[in-house]
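Asks: Following this line is coords_3.cif, made up of mmCIF, C-alpha atoms:
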```
data_my_file
loop_
_atom_site.label_atom_id
_atom_site.label_comp_id
_atom_site.auth_asym_id
_atom_site.auth_seq_id
_atom_site.Cartn_x
_atom_site.Cartn_y
_atom_site.Cartn_z
CA MET A 1 2.46 225.06 110.15
CA ALA A 2 5.52 223.53 108.52
CA ASN A 3 8.03 225.96 109.99
CA ALA A 4 6.80 227.19 113.36
CA LYS A 5 5.72 224.67 115.98
CA PRO A 6 2.01 225.16 116.63
CA THR A 7 0.88 226.19 120.10
CA GLU A 8 -1.56 223.99 122.03
CA GLU A 9 -4.29 226.54 121.29
CA GLU A 10 -3.56 226.29 117.57
CA ILE A 11 -3.60 222.49 117.72
CA LEU A 12 -6.93 222.51 119.57
CA ALA A 13 -8.44 224.90 117.05
CA GLY A 14 -7.14 222.82 114.16
CA LEU A 15 -8.44 219.58 115.67
CA ALA A 16 -11.83 221.18 116.30
CA GLU A 17 -12.10 222.11 112.62
CA ILE A 18 -11.17 218.57 111.60
CA VAL A 19 -13.65 217.00 114.04
CA GLU A 20 -16.38 219.28 112.73
CA GLU A 21 -15.65 218.30 109.14
CA VAL A 22 -15.34 214.56 109.79
CA ALA A 23 -18.04 214.02 112.40
CA GLY A 24 -20.28 217.07 112.09
CA VAL A 25 -19.68 218.11 115.71
CA GLU A 26 -19.80 221.91 116.21
CA SER A 27 -16.20 223.04 116.61
CA ASP A 28 -16.91 224.97 119.83
CA GLU A 29 -18.07 221.69 121.38
CA VAL A 30 -14.57 220.28 120.84
CA THR A 31 -12.80 221.18 124.09
CA ALA A 32 -9.82 219.54 125.78
CA ASP A 33 -11.87 217.77 128.46
CA LYS A 34 -14.22 216.06 126.01
CA SER A 35 -14.01 212.31 125.38
CA PHE A 36 -14.11 211.50 121.66
CA VAL A 37 -16.28 208.44 122.19
CA ASP A 38 -18.44 209.28 125.21
CA ASP A 39 -18.98 213.03 124.75
CA LEU A 40 -18.58 213.64 121.01
CA ASP A 41 -19.99 210.26 119.85
CA ILE A 42 -17.09 209.66 117.46
CA ASP A 43 -16.57 206.05 116.34
CA SER A 44 -13.33 204.20 115.65
CA LEU A 45 -13.44 204.80 111.88
CA SER A 46 -14.03 208.53 112.30
CA MET A 47 -11.04 208.55 114.65
CA VAL A 48 -8.96 207.18 111.77
CA GLU A 49 -10.24 209.94 109.47
CA ILE A 50 -9.48 212.57 112.11
CA ALA A 51 -5.98 211.10 112.60
CA VAL A 52 -5.28 211.11 108.84
CA GLN A 53 -6.33 214.76 108.52
CA ALA A 54 -4.39 215.73 111.65
CA GLU A 55 -1.30 214.02 110.23
CA ASP A 56 -1.53 216.13 107.07
CA ARG A 57 -2.28 219.34 108.91
CA PHE A 58 0.32 219.11 111.68
CA GLU A 59 2.91 216.96 109.87
CA VAL A 60 2.88 214.34 112.59
CA LYS A 61 2.46 210.55 112.58
CA ILE A 62 -0.47 209.11 114.53
CA PRO A 63 -0.32 205.30 114.18
CA ASP A 64 -3.48 203.22 114.69
CA ALA A 65 -1.91 201.69 117.81
CA GLU A 66 -1.69 205.19 119.31
CA LEU A 67 -5.31 206.07 118.55
CA ALA A 68 -6.67 203.88 121.34
CA ASN A 69 -4.69 205.98 123.86
CA LEU A 70 -6.17 209.26 122.67
CA LYS A 71 -9.34 209.17 124.79
CA THR A 72 -9.96 212.90 125.08
CA VAL A 73 -9.42 215.88 122.83
CA GLY A 74 -6.76 216.99 125.35
CA ASP A 75 -4.91 213.67 124.88
CA ALA A 76 -4.82 214.32 121.14
CA VAL A 77 -3.62 217.91 121.59
CA ASN A 78 -0.84 216.71 123.91
CA TYR A 79 0.16 213.92 121.52
CA VAL A 80 0.42 216.29 118.58
CA ALA A 81 2.27 218.90 120.63
CA LYS A 82 4.83 216.30 121.76
CA ASN A 83 5.35 214.68 118.40
CA VAL A 84 5.16 217.52 115.94
CA MET B 1 16.55 179.63 61.78
CA THR B 2 13.32 178.40 63.39
CA ALA B 3 10.93 181.22 64.16
CA ILE B 4 7.93 181.07 66.44
CA ARG B 5 4.84 182.61 64.93
CA LEU B 6 2.87 184.88 67.26
CA SER B 7 -0.91 185.11 67.51
CA GLN B 8 -2.68 188.21 66.26
CA GLY B 9 -5.07 189.92 68.62
CA ALA B 10 -7.81 192.49 68.32
CA ALA B 11 -7.09 196.20 68.01
CA ALA B 12 -8.88 196.81 71.30
CA SER B 13 -11.23 195.17 73.77
CA ARG B 14 -14.47 196.04 75.47
CA ILE B 15 -17.08 194.66 77.83
CA LEU B 16 -19.86 193.13 75.72
CA GLY B 17 -22.34 192.42 78.51
CA ILE B 18 -22.67 191.94 82.25
CA GLY B 19 -24.76 189.77 84.56
CA SER B 20 -25.06 188.94 88.24
CA THR B 21 -26.81 186.76 90.78
CA GLN B 22 -27.47 186.69 94.50
CA PRO B 23 -28.86 184.01 96.79
CA GLU B 24 -32.54 184.41 97.62
CA ARG B 25 -32.27 184.81 101.37
CA VAL B 26 -32.24 188.44 102.50
CA VAL B 27 -30.62 188.97 105.90
CA THR B 28 -31.47 192.23 107.66
CA ASN B 29 -29.49 193.98 110.38
CA ASP B 30 -32.33 193.21 112.78
CA GLU B 31 -31.92 189.50 112.11
CA LEU B 32 -28.19 189.70 112.79
CA SER B 33 -28.85 191.57 116.03
CA THR B 34 -30.74 188.54 117.34
CA ILE B 35 -27.60 186.37 117.17
CA MET B 36 -24.84 188.84 118.10
CA ASP B 37 -24.29 192.05 120.01
CA THR B 38 -25.06 194.59 117.27
CA ASP B 39 -27.97 196.68 116.00
CA ASP B 40 -29.30 198.27 112.85
CA GLN B 41 -28.11 201.79 113.65
CA TRP B 42 -24.59 200.63 114.59
CA ILE B 43 -24.22 198.67 111.35
CA ARG B 44 -25.60 201.46 109.16
CA GLU B 45 -23.31 204.03 110.74
CA ARG B 46 -20.15 201.91 110.57
CA VAL B 47 -20.48 200.21 107.20
CA GLY B 48 -23.64 201.54 105.53
CA ILE B 49 -25.26 198.13 105.04
CA ARG B 50 -29.04 197.74 105.40
CA GLU B 51 -29.36 194.14 104.25
CA ARG B 52 -27.37 191.46 102.46
CA ARG B 53 -27.86 188.01 100.92
CA PHE B 54 -26.65 184.76 102.48
CA GLY B 55 -26.45 181.60 100.37
CA GLY B 56 -27.74 178.20 101.43
CA THR B 57 -25.95 174.89 100.97
CA GLU B 58 -27.07 174.81 97.33
CA ASP B 59 -25.31 178.11 96.60
CA THR B 60 -21.60 177.70 95.89
CA VAL B 61 -18.86 179.73 94.24
CA VAL B 62 -19.34 177.49 91.20
CA SER B 63 -23.17 177.59 91.10
CA MET B 64 -23.33 181.38 91.47
CA ALA B 65 -20.54 181.82 88.88
CA VAL B 66 -22.50 179.67 86.43
CA GLU B 67 -25.65 181.76 86.87
CA ALA B 68 -23.93 185.16 86.66
CA GLY B 69 -21.77 183.98 83.76
CA SER B 70 -24.73 182.63 81.79
CA LYS B 71 -26.56 185.94 82.24
CA ALA B 72 -23.53 187.92 81.06
CA ILE B 73 -23.25 185.77 77.93
CA ALA B 74 -26.97 186.26 77.20
CA ALA B 75 -26.69 190.01 77.84
CA SER B 76 -23.87 190.10 75.29
CA GLY B 77 -26.13 188.53 72.67
CA LEU B 78 -23.85 185.50 72.52
CA THR B 79 -24.09 181.78 73.16
CA PRO B 80 -21.66 179.78 75.33
CA SER B 81 -19.84 178.46 72.25
CA ASP B 82 -18.80 182.04 71.41
CA VAL B 83 -16.66 182.15 74.57
CA ASP B 84 -13.27 180.46 74.63
CA THR B 85 -11.79 181.39 78.01
CA VAL B 86 -13.16 181.60 81.57
CA ILE B 87 -11.55 183.38 84.51
CA VAL B 88 -13.18 182.99 87.92
CA ALA B 89 -11.87 185.52 90.43
CA ASN B 90 -12.54 184.27 93.93
CA CYS B 91 -10.94 183.83 97.34
CA THR B 92 -13.61 181.81 99.13
CA THR B 93 -13.64 178.30 97.68
CA THR B 94 -13.04 176.23 100.80
CA VAL B 95 -10.71 173.79 99.04
CA PRO B 96 -8.17 174.73 96.34
CA ILE B 97 -8.66 171.59 94.21
CA PRO B 98 -10.38 171.38 91.80
CA ASN B 99 -10.52 175.01 90.71
CA ALA B 100 -13.86 176.65 89.91
CA ALA B 101 -13.21 177.79 86.32
CA ALA B 102 -13.14 174.37 84.64
CA GLN B 103 -16.43 173.32 86.27
CA VAL B 104 -18.03 176.68 85.54
CA ALA B 105 -17.08 176.48 81.86
CA ASP B 106 -18.44 172.94 81.59
CA LEU B 107 -21.70 173.72 83.39
CA ILE B 108 -22.32 176.81 81.24
CA GLY B 109 -21.68 174.71 78.14
CA ILE B 110 -18.39 176.21 77.01
CA LYS B 111 -16.52 173.20 75.68
CA ALA B 112 -12.83 172.78 76.58
CA ALA B 113 -12.44 176.44 77.40
CA GLY B 114 -9.19 177.83 78.66
CA GLY B 115 -9.88 178.49 82.30
CA PHE B 116 -8.32 179.36 85.62
CA ASP B 117 -9.12 180.86 89.00
CA LEU B 118 -7.56 184.12 90.04
CA ASN B 119 -7.12 185.21 93.64
CA ALA B 120 -6.57 188.89 94.21
CA ALA B 121 -9.28 188.94 96.90
CA CYS B 122 -11.61 191.94 96.58
CA ALA B 123 -9.48 193.32 93.73
CA GLY B 124 -9.95 190.05 91.81
CA PHE B 125 -12.50 191.25 89.28
CA CYS B 126 -10.34 194.19 88.16
CA TYR B 127 -7.29 191.92 87.90
CA ALA B 128 -9.28 189.38 85.87
CA LEU B 129 -10.78 192.09 83.65
CA ALA B 130 -7.31 193.45 82.88
CA SER B 131 -6.01 189.94 82.13
CA ALA B 132 -8.97 189.22 79.84
CA SER B 133 -8.55 192.50 78.00
CA ASP B 134 -4.87 191.81 77.39
CA MET B 135 -5.61 188.23 76.22
CA VAL B 136 -8.08 189.52 73.63
CA ARG B 137 -5.60 192.11 72.45
CA ALA B 138 -2.73 189.60 72.33
CA GLY B 139 -4.78 186.96 70.54
CA SER B 140 -4.65 184.23 73.18
CA ALA B 141 -8.42 184.46 73.53
CA THR B 142 -11.30 185.78 71.46
CA ARG B 143 -14.00 186.22 74.09
CA VAL B 144 -13.33 185.85 77.80
CA LEU B 145 -15.95 185.30 80.47
CA VAL B 146 -14.72 187.15 83.57
CA ILE B 147 -16.51 186.25 86.79
CA GLY B 148 -16.20 187.31 90.42
CA SER B 149 -18.01 184.77 92.60
CA GLU B 150 -17.80 184.57 96.37
CA LYS B 151 -19.44 182.72 99.21
CA LEU B 152 -18.06 184.76 102.08
CA THR B 153 -20.42 183.11 104.56
CA ASP B 154 -18.28 179.97 104.24
CA VAL B 155 -15.24 181.83 105.59
CA VAL B 156 -16.80 184.16 108.15
CA ASP B 157 -17.43 183.34 111.81
CA PRO B 158 -21.23 183.74 111.85
CA VAL B 159 -21.25 185.35 115.30
CA ASP B 160 -18.19 187.61 114.91
CA ARG B 161 -19.79 191.04 114.80
CA SER B 162 -16.72 192.66 113.25
CA THR B 163 -17.02 190.57 110.07
CA ALA B 164 -20.39 188.77 109.97
CA ILE B 165 -22.26 192.05 109.51
CA ILE B 166 -20.12 193.04 106.51
CA PHE B 167 -19.59 190.04 104.24
CA ALA B 168 -22.15 188.36 102.01
CA ASP B 169 -22.57 186.10 98.99
CA GLY B 170 -23.07 186.65 95.27
CA ALA B 171 -21.51 186.69 91.81
CA GLY B 172 -21.06 189.16 88.97
CA ALA B 173 -19.70 188.60 85.47
CA ALA B 174 -18.71 190.33 82.26
CA VAL B 175 -17.86 189.08 78.77
CA VAL B 176 -14.78 190.72 77.27
CA GLY B 177 -14.37 190.64 73.51
CA PRO B 178 -12.75 192.40 70.54
CA SER B 179 -13.52 195.98 69.67
CA ASP B 180 -12.46 198.56 67.12
CA GLU B 181 -12.44 201.33 69.72
CA PRO B 182 -10.90 200.86 73.21
CA GLY B 183 -13.57 199.99 75.77
CA ILE B 184 -11.25 198.90 78.57
CA GLY B 185 -8.42 201.17 79.64
CA PRO B 186 -4.95 200.21 80.91
CA VAL B 187 -4.93 198.79 84.43
CA ALA B 188 -3.31 200.51 87.39
CA TRP B 189 -2.52 197.64 89.72
CA GLY B 190 -0.23 196.79 92.57
CA THR B 191 0.18 195.21 95.97
CA ALA B 192 1.13 196.23 99.50
CA GLY B 193 2.44 192.97 100.93
CA ASP B 194 3.90 194.80 103.91
CA LEU B 195 0.28 195.10 105.11
CA ALA B 196 -0.54 191.42 104.48
CA GLU B 197 -1.24 190.87 108.19
CA THR B 198 -4.16 193.32 108.19
CA ILE B 199 -6.54 190.88 106.44
CA THR B 200 -5.90 187.22 107.22
CA MET B 201 -7.45 183.90 108.21
CA PRO B 202 -5.57 183.25 111.46
CA ASN B 203 -7.38 179.99 112.27
CA GLY B 204 -7.42 178.88 108.63
CA ARG B 205 -11.23 179.08 108.54
CA HIS B 206 -12.43 182.60 109.28
CA ILE B 207 -11.55 186.05 107.99
CA TYR B 208 -10.05 188.55 110.40
CA GLN B 209 -9.29 192.15 109.54
CA GLU B 210 -7.72 195.03 111.39
CA GLY B 211 -10.55 197.43 110.75
CA GLN B 212 -8.81 200.71 111.47
CA ALA B 213 -5.66 199.83 109.52
CA VAL B 214 -7.59 198.65 106.48
CA PHE B 215 -9.90 201.67 106.65
CA ARG B 216 -6.92 204.03 106.79
CA TRP B 217 -5.27 202.31 103.82
CA ALA B 218 -8.44 202.25 101.73
CA THR B 219 -9.41 205.85 102.42
CA THR B 220 -5.94 207.24 101.68
CA LYS B 221 -4.30 204.96 99.07
CA ILE B 222 -7.12 203.93 96.71
CA ALA B 223 -8.24 207.28 95.30
CA PRO B 224 -4.69 207.85 93.93
CA ILE B 225 -4.89 204.44 92.21
CA ALA B 226 -8.20 205.43 90.61
CA LEU B 227 -6.63 208.70 89.45
CA ARG B 228 -3.68 206.75 88.03
CA ALA B 229 -6.08 204.55 86.03
CA LEU B 230 -7.64 207.71 84.58
CA GLU B 231 -4.24 209.11 83.72
CA LEU B 232 -3.21 205.87 81.99
CA ALA B 233 -6.40 206.05 79.91
CA GLY B 234 -5.72 209.67 79.00
CA LEU B 235 -8.87 210.88 80.73
CA GLN B 236 -9.69 213.51 83.35
CA PRO B 237 -11.69 213.05 86.57
CA SER B 238 -14.43 215.16 84.97
CA ASP B 239 -14.84 212.50 82.25
CA VAL B 240 -16.09 209.90 84.74
CA ASP B 241 -19.85 209.23 84.62
CA ILE B 242 -19.89 206.30 87.06
CA LEU B 243 -17.55 205.49 89.93
CA VAL B 244 -17.62 201.83 90.97
CA PRO B 245 -15.23 201.19 93.86
CA HIS B 246 -15.21 197.75 95.48
CA GLN B 247 -18.19 197.76 97.85
CA ALA B 248 -16.15 197.30 101.03
CA ASN B 249 -17.80 199.85 103.29
CA LEU B 250 -20.01 202.79 102.30
CA ARG B 251 -17.76 205.17 104.20
CA ILE B 252 -14.74 204.02 102.17
CA VAL B 253 -16.75 204.40 98.94
CA GLU B 254 -17.77 207.93 99.95
CA ALA B 255 -14.20 208.84 100.96
CA ILE B 256 -12.89 207.75 97.54
CA ALA B 257 -15.66 209.71 95.76
CA LYS B 258 -14.90 212.80 97.84
CA LYS B 259 -11.19 212.65 96.96
CA LEU B 260 -11.98 212.28 93.25
CA ARG B 261 -14.35 215.26 93.38
CA GLN B 262 -11.60 217.30 95.03
CA LYS B 263 -9.54 216.42 91.92
CA GLY B 264 -12.23 217.51 89.47
CA ALA B 265 -14.76 214.68 89.27
CA ARG B 266 -18.28 215.97 88.69
CA GLU B 267 -20.87 216.39 91.43
CA ASP B 268 -23.31 214.47 89.22
CA MET B 269 -20.92 211.50 88.90
CA VAL B 270 -22.95 208.43 89.91
CA VAL B 271 -21.30 206.56 92.77
CA ALA B 272 -22.05 202.86 93.27
CA ASP B 273 -23.68 202.19 96.64
CA ASP B 274 -24.73 198.59 96.10
CA ILE B 275 -23.24 197.63 99.47
CA VAL B 276 -26.37 199.07 101.12
CA THR B 277 -28.46 196.12 99.94
CA SER B 278 -25.80 193.56 98.97
CA GLY B 279 -23.10 193.78 101.66
CA ASN B 280 -19.44 193.24 100.83
CA THR B 281 -19.20 190.41 98.29
CA SER B 282 -15.45 190.72 97.62
CA SER B 283 -14.55 190.09 93.96
CA ALA B 284 -18.25 189.95 93.00
CA SER B 285 -19.06 193.45 94.22
CA ILE B 286 -17.94 195.55 91.23
CA PRO B 287 -19.67 193.63 88.41
CA MET B 288 -22.73 193.06 90.62
CA ALA B 289 -22.97 196.77 91.41
CA MET B 290 -22.68 197.58 87.70
CA ASP B 291 -25.40 195.07 86.84
CA HIS B 292 -27.76 196.37 89.54
CA MET B 293 -27.16 199.97 88.45
CA ARG B 294 -27.81 199.03 84.83
CA ALA B 295 -31.08 197.32 85.81
CA ALA B 296 -32.07 200.41 87.82
CA GLY B 297 -31.36 202.73 84.88
CA ARG B 298 -28.45 204.45 86.63
CA ILE B 299 -25.88 203.26 84.06
CA HIS B 300 -26.32 203.68 80.34
CA SER B 301 -24.53 202.21 77.36
CA GLY B 302 -21.50 204.33 76.53
CA ASP B 303 -21.06 205.74 80.04
CA VAL B 304 -17.46 206.07 81.26
CA ALA B 305 -17.06 203.98 84.40
CA LEU B 306 -14.05 204.06 86.71
CA LEU B 307 -13.58 200.74 88.52
CA VAL B 308 -11.24 200.21 91.46
CA GLY B 309 -10.89 197.05 93.51
CA PHE B 310 -8.87 196.64 96.71
CA GLY B 311 -8.56 194.04 99.43
CA ALA B 312 -6.55 191.27 101.05
CA GLY B 313 -2.94 190.90 100.01
CA LEU B 314 -3.16 193.77 100.18
CA SER B 315 -3.96 194.05 96.47
CA TYR B 316 -5.49 196.74 94.31
CA ALA B 317 -6.37 197.37 90.67
CA GLY B 318 -8.36 199.93 88.76
CA GLN B 319 -9.28 200.73 85.18
CA VAL B 320 -11.66 202.77 83.07
CA VAL B 321 -14.31 200.93 81.08
CA ILE B 322 -17.04 201.96 78.68
CA CYS B 323 -20.37 200.53 79.86
CA PRO B 324 -21.87 198.02 77.40
#
```
Hey, can you dump this file as structure tokens for me?

Replies:
Amino acid sequence: MANAKPTEEEILAGLAEIVEEVAGVESDEVTADKSFVDDLDIDSLSMVEIAVQAEDRFEVKIPDAELANLKTVGDAVNYVAKNV
Amino acid sequence: MTAIRLSQGAAASRILGIGSTQPERVVTNDELSTIMDTDDQWIRERVGIRERRFGGTEDTVVSMAVEAGSKAIAASGLTPSDVDTVIVANCTTTVPIPNAAAQVADLIGIKAAGGFDLNAACAGFCYALASASDMVRAGSATRVLVIGSEKLTDVVDPVDRSTAIIFADGAGAAVVGPSDEPGIGPVAWGTAGDLAETITMPNGRHIYQEGQAVFRWATTKIAPIALRALELAGLQPSDVDILVPHQANLRIVEAIAKKLRQKGAREDMVVADDIVTSGNTSSASIPMAMDHMRAAGRIHSGDVALLVGFGAGLSYAGQVVICP
């Protein structure tokens, strides 16, 4: 991923893998419209773990202050796409 | 020309014995949920704690240090007069004067011991252990009683659900003495003062921590410190029998263990999980976890243990020890 900018589909697929590993949610459940907290039952500490792994994978910075704004999987995909 | 003569120390140092104590009162998650908006499942999922111990008015940093320290001396097969220096790691005495160490030494019966308190928060025990080891090797002490003793309930808002569910009271201790073979490895220590604001006492009375920031730091920066301690000791991750991280949060403990296993630590490495029944007792957590694991038969004499403490400051320290 270091050279070519990932597409939104690639980011979504990558996030889904991370969410499955961190929180045990089936990756096909991780769709853009899902809320991390309300739909996927992911708590604030798991969000940090997801952010740390996403930072490594997509070479992007996701500060804690930004995490609160990433309500849905789609928000996270958009954030990564904009900042990668 | 006048020359200053230097003291001669021991070839190496080791832990001779360990001991610990906790207040009697067990506080369950259900009890806490009667006084604040929380519940058993929420606490277990976030921090992994099932129950913890809260001290009463008779339990103080000094009283718990005396009990844990006395047990460590007895476990070492020594008497108080065999010890000449006392270090009490703590960050929860509510007044800075007088310090704890002088009283602790006197109450244990160690006459005119060298003594001081050391504040490196939850990393305090590892800092004190490293200091004690170096004193024995340099000759400024023969046997050092190293104690972590904390009464967190004195500095926690009892109805703040972000902290009151985590912190608890207790003390753990170790006696460090001379050895022919190295039993305490070089320390890997440091600080991250740029993150000082993430664990503070904003009103001067109660602990506040930025949970996500501290969690991120602990789950990403501490495993490399543990690996550095191994490297300094000339050991590999696969050499570690017991991993004893500061018992901050079970999820942090598990994250550190996972990173070490990715670097070659064994699947059968025993990982301290004392937080489940003891809560986070800051500088007391590492020696207390070791003592509980020893009592439960999970640690054996000669085992290679990797210790790593981390907390407010932010401060961190880790080293390899051979279990007594």

Asks: Using Å and a single decimal, report how far atom CA of B:Asp160 sits from atom CA of B:Ile35.

Replies: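 Rounded to one decimal, the two atoms are 9.8 Å apart.
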
Asks: Please check which residues have atoms at most 9 Å from (-14.5, 182.6, 95.0) in the file's coordinates, counting only C-alpha atoms, and write them as a PyMOL selection string.

Replies: chain B and resi 60-62+65+88-94+100+117-119+121+148-152+171+282-284

Asks: Grab the residues selected above and save them as a PDB file, in the coordinates of the input with C-alpha atoms.

Replies:
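result_28.pdb, freshly written:
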```pdb
ATOM      1  CA  THR B  60     -21.600 177.700  95.890  1.00  0.00           C
ATOM      2  CA  VAL B  61     -18.860 179.730  94.240  1.00  0.00           C
ATOM      3  CA  VAL B  62     -19.340 177.490  91.200  1.00  0.00           C
ATOM      4  CA  ALA B  65     -20.540 181.820  88.880  1.00  0.00           C
ATOM      5  CA  VAL B  88     -13.180 182.990  87.920  1.00  0.00           C
ATOM      6  CA  ALA B  89     -11.870 185.520  90.430  1.00  0.00           C
ATOM      7  CA  ASN B  90     -12.540 184.270  93.930  1.00  0.00           C
ATOM      8  CA  CYS B  91     -10.940 183.830  97.340  1.00  0.00           C
ATOM      9  CA  THR B  92     -13.610 181.810  99.130  1.00  0.00           C
ATOM     10  CA  THR B  93     -13.640 178.300  97.680  1.00  0.00           C
ATOM     11  CA  THR B  94     -13.040 176.230 100.800  1.00  0.00           C
ATOM     12  CA  ALA B 100     -13.860 176.650  89.910  1.00  0.00           C
ATOM     13  CA  ASP B 117      -9.120 180.860  89.000  1.00  0.00           C
ATOM     14  CA  LEU B 118      -7.560 184.120  90.040  1.00  0.00           C
ATOM     15  CA  ASN B 119      -7.120 185.210  93.640  1.00  0.00           C
ATOM     16  CA  ALA B 121      -9.280 188.940  96.900  1.00  0.00           C
ATOM     17  CA  GLY B 148     -16.200 187.310  90.420  1.00  0.00           C
ATOM     18  CA  SER B 149     -18.010 184.770  92.600  1.00  0.00           C
ATOM     19  CA  GLU B 150     -17.800 184.570  96.370  1.00  0.00           C
ATOM     20  CA  LYS B 151     -19.440 182.720  99.210  1.00  0.00           C
ATOM     21  CA  LEU B 152     -18.060 184.760 102.080  1.00  0.00           C
ATOM     22  CA  ALA B 171     -21.510 186.690  91.810  1.00  0.00           C
ATOM     23  CA  SER B 282     -15.450 190.720  97.620  1.00  0.00           C
ATOM     24  CA  SER B 283     -14.550 190.090  93.960  1.00  0.00           C
ATOM     25  CA  ALA B 284     -18.250 189.950  93.000  1.00  0.00           C
TER      26      ALA B 284
END
```

Asks: May I ask you to extract the residues of chain A within 12 Å of chain B, using only C-alpha atoms, and to give them as a PyMOL selection string?

Replies: chain A and resi 22-23+41-53+55-56+62-68

Asks: Check what the PyMOL selection byres ((chain A and resi 79) around 12) selects in the file above and give those residues as a list of chain:residue names.

Replies: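 Expected selection for the PyMOL selection byres ((chain A and resi 79) around 12) here is A:Glu8, A:Ile11, A:Leu12, A:Leu15, A:Ala51, A:Ala54, A:Glu55, A:Phe58, A:Val60, A:Lys61, A:Ile62, A:Pro63, A:Glu66, A:Leu67, A:Asn69, A:Leu70, A:Lys71, A:Thr72, A:Val73, A:Gly74, A:Asp75, A:Ala76, A:Val77, A:Asn78, A:Val80, A:Ala81, A:Lys82, A:Asn83, A:Val84.
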
Asks: Write the residues of the preceding selection, restricted to C-alpha atoms, as an mmCIF file, keeping the file's coordinate frame.

Replies:
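To be explicit, this is the file written out as selection_27.cif:
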```cif
data_model
loop_
_atom_site.group_PDB
_atom_site.id
_atom_site.type_symbol
_atom_site.label_atom_id
_atom_site.label_comp_id
_atom_site.auth_asym_id
_atom_site.auth_seq_id
_atom_site.Cartn_x
_atom_site.Cartn_y
_atom_site.Cartn_z
ATOM 1 C CA GLU A 8 -1.560 223.990 122.030
ATOM 2 C CA ILE A 11 -3.600 222.490 117.720
ATOM 3 C CA LEU A 12 -6.930 222.510 119.570
ATOM 4 C CA LEU A 15 -8.440 219.580 115.670
ATOM 5 C CA ALA A 51 -5.980 211.100 112.600
ATOM 6 C CA ALA A 54 -4.390 215.730 111.650
ATOM 7 C CA GLU A 55 -1.300 214.020 110.230
ATOM 8 C CA PHE A 58 0.320 219.110 111.680
ATOM 9 C CA VAL A 60 2.880 214.340 112.590
ATOM 10 C CA LYS A 61 2.460 210.550 112.580
ATOM 11 C CA ILE A 62 -0.470 209.110 114.530
ATOM 12 C CA PRO A 63 -0.320 205.300 114.180
ATOM 13 C CA GLU A 66 -1.690 205.190 119.310
ATOM 14 C CA LEU A 67 -5.310 206.070 118.550
ATOM 15 C CA ASN A 69 -4.690 205.980 123.860
ATOM 16 C CA LEU A 70 -6.170 209.260 122.670
ATOM 17 C CA LYS A 71 -9.340 209.170 124.790
ATOM 18 C CA THR A 72 -9.960 212.900 125.080
ATOM 19 C CA VAL A 73 -9.420 215.880 122.830
ATOM 20 C CA GLY A 74 -6.760 216.990 125.350
ATOM 21 C CA ASP A 75 -4.910 213.670 124.880
ATOM 22 C CA ALA A 76 -4.820 214.320 121.140
ATOM 23 C CA VAL A 77 -3.620 217.910 121.590
ATOM 24 C CA ASN A 78 -0.840 216.710 123.910
ATOM 25 C CA VAL A 80 0.420 216.290 118.580
ATOM 26 C CA ALA A 81 2.270 218.900 120.630
ATOM 27 C CA LYS A 82 4.830 216.300 121.760
ATOM 28 C CA ASN A 83 5.350 214.680 118.400
ATOM 29 C CA VAL A 84 5.160 217.520 115.940
#
```

Asks: So the first atom is atom CA of B:Asn203 and the second is atom CA of B:Ala317; what is the distance between them in Å, to one decimal place?

Replies: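 Pair atom CA of B:Asn203 / atom CA of B:Ala317 returns 27.7 Å.
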
Asks: Can you give me, as a list of chain:residue names, the residues this file yields under the PyMOL selection byres ((chain B and resi 304) around 8)?

Replies: B:Asp239, B:Val240, B:Asp241, B:Ile242, B:Gly302, B:Asp303, B:Ala305, B:Leu306, B:Val320, B:Val321, B:Ile322, B:Cys323

Asks: Applied to this file, what does the PyMOL selection byres ((chain B and resi 122) around 8) return in terms of residues, put as a CSV table (one decimal) with C-alpha atoms, in the frame of the given file?

Replies:
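And here's selection30.csv as it stands now:
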```csv
chain,number,residue,atom,x,y,z
B,120,ALA,CA,-6.6,188.9,94.2
B,121,ALA,CA,-9.3,188.9,96.9
B,123,ALA,CA,-9.5,193.3,93.7
B,124,GLY,CA,-10.0,190.0,91.8
B,125,PHE,CA,-12.5,191.2,89.3
B,246,HIS,CA,-15.2,197.8,95.5
B,281,THR,CA,-19.2,190.4,98.3
B,282,SER,CA,-15.4,190.7,97.6
B,283,SER,CA,-14.6,190.1,94.0
B,284,ALA,CA,-18.2,190.0,93.0
B,285,SER,CA,-19.1,193.4,94.2
B,309,GLY,CA,-10.9,197.0,93.5
B,310,PHE,CA,-8.9,196.6,96.7
B,311,GLY,CA,-8.6,194.0,99.4
B,312,ALA,CA,-6.6,191.3,101.0
B,315,SER,CA,-4.0,194.0,96.5
```

Asks: Atom CA of B:Gln319 to atom CA of B:Ala130: how many Å, to one decimal?

Replies: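 Straight-line distance from atom CA of B:Gln319 to atom CA of B:Ala130 works out to 7.9 Å.
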
Asks: Got a sec: who's within 6 Å of stretch 288-290 of chain B, counting all atoms listed in the file, leaving out chain neighbours fewer than 4 positions off, as a list in words?

Replies: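 Here the answer would be Ser20, Gly172, Asp274 and Ala284 of chain B.
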
Asks: I'd like the box whose edges run along x, y and z of the file and which contains every listed atom of stretch 4-16 of chain A, padded by 4 Å per side; could you state its centre and edge lengths in Å, one decimal, as AutoDock Vina command-line options?

Replies:
```
--center_x -2.5 --center_y 223.4 --center_z 117.7 --size_x 26.6 --size_y 15.6 --size_z 16.7
```
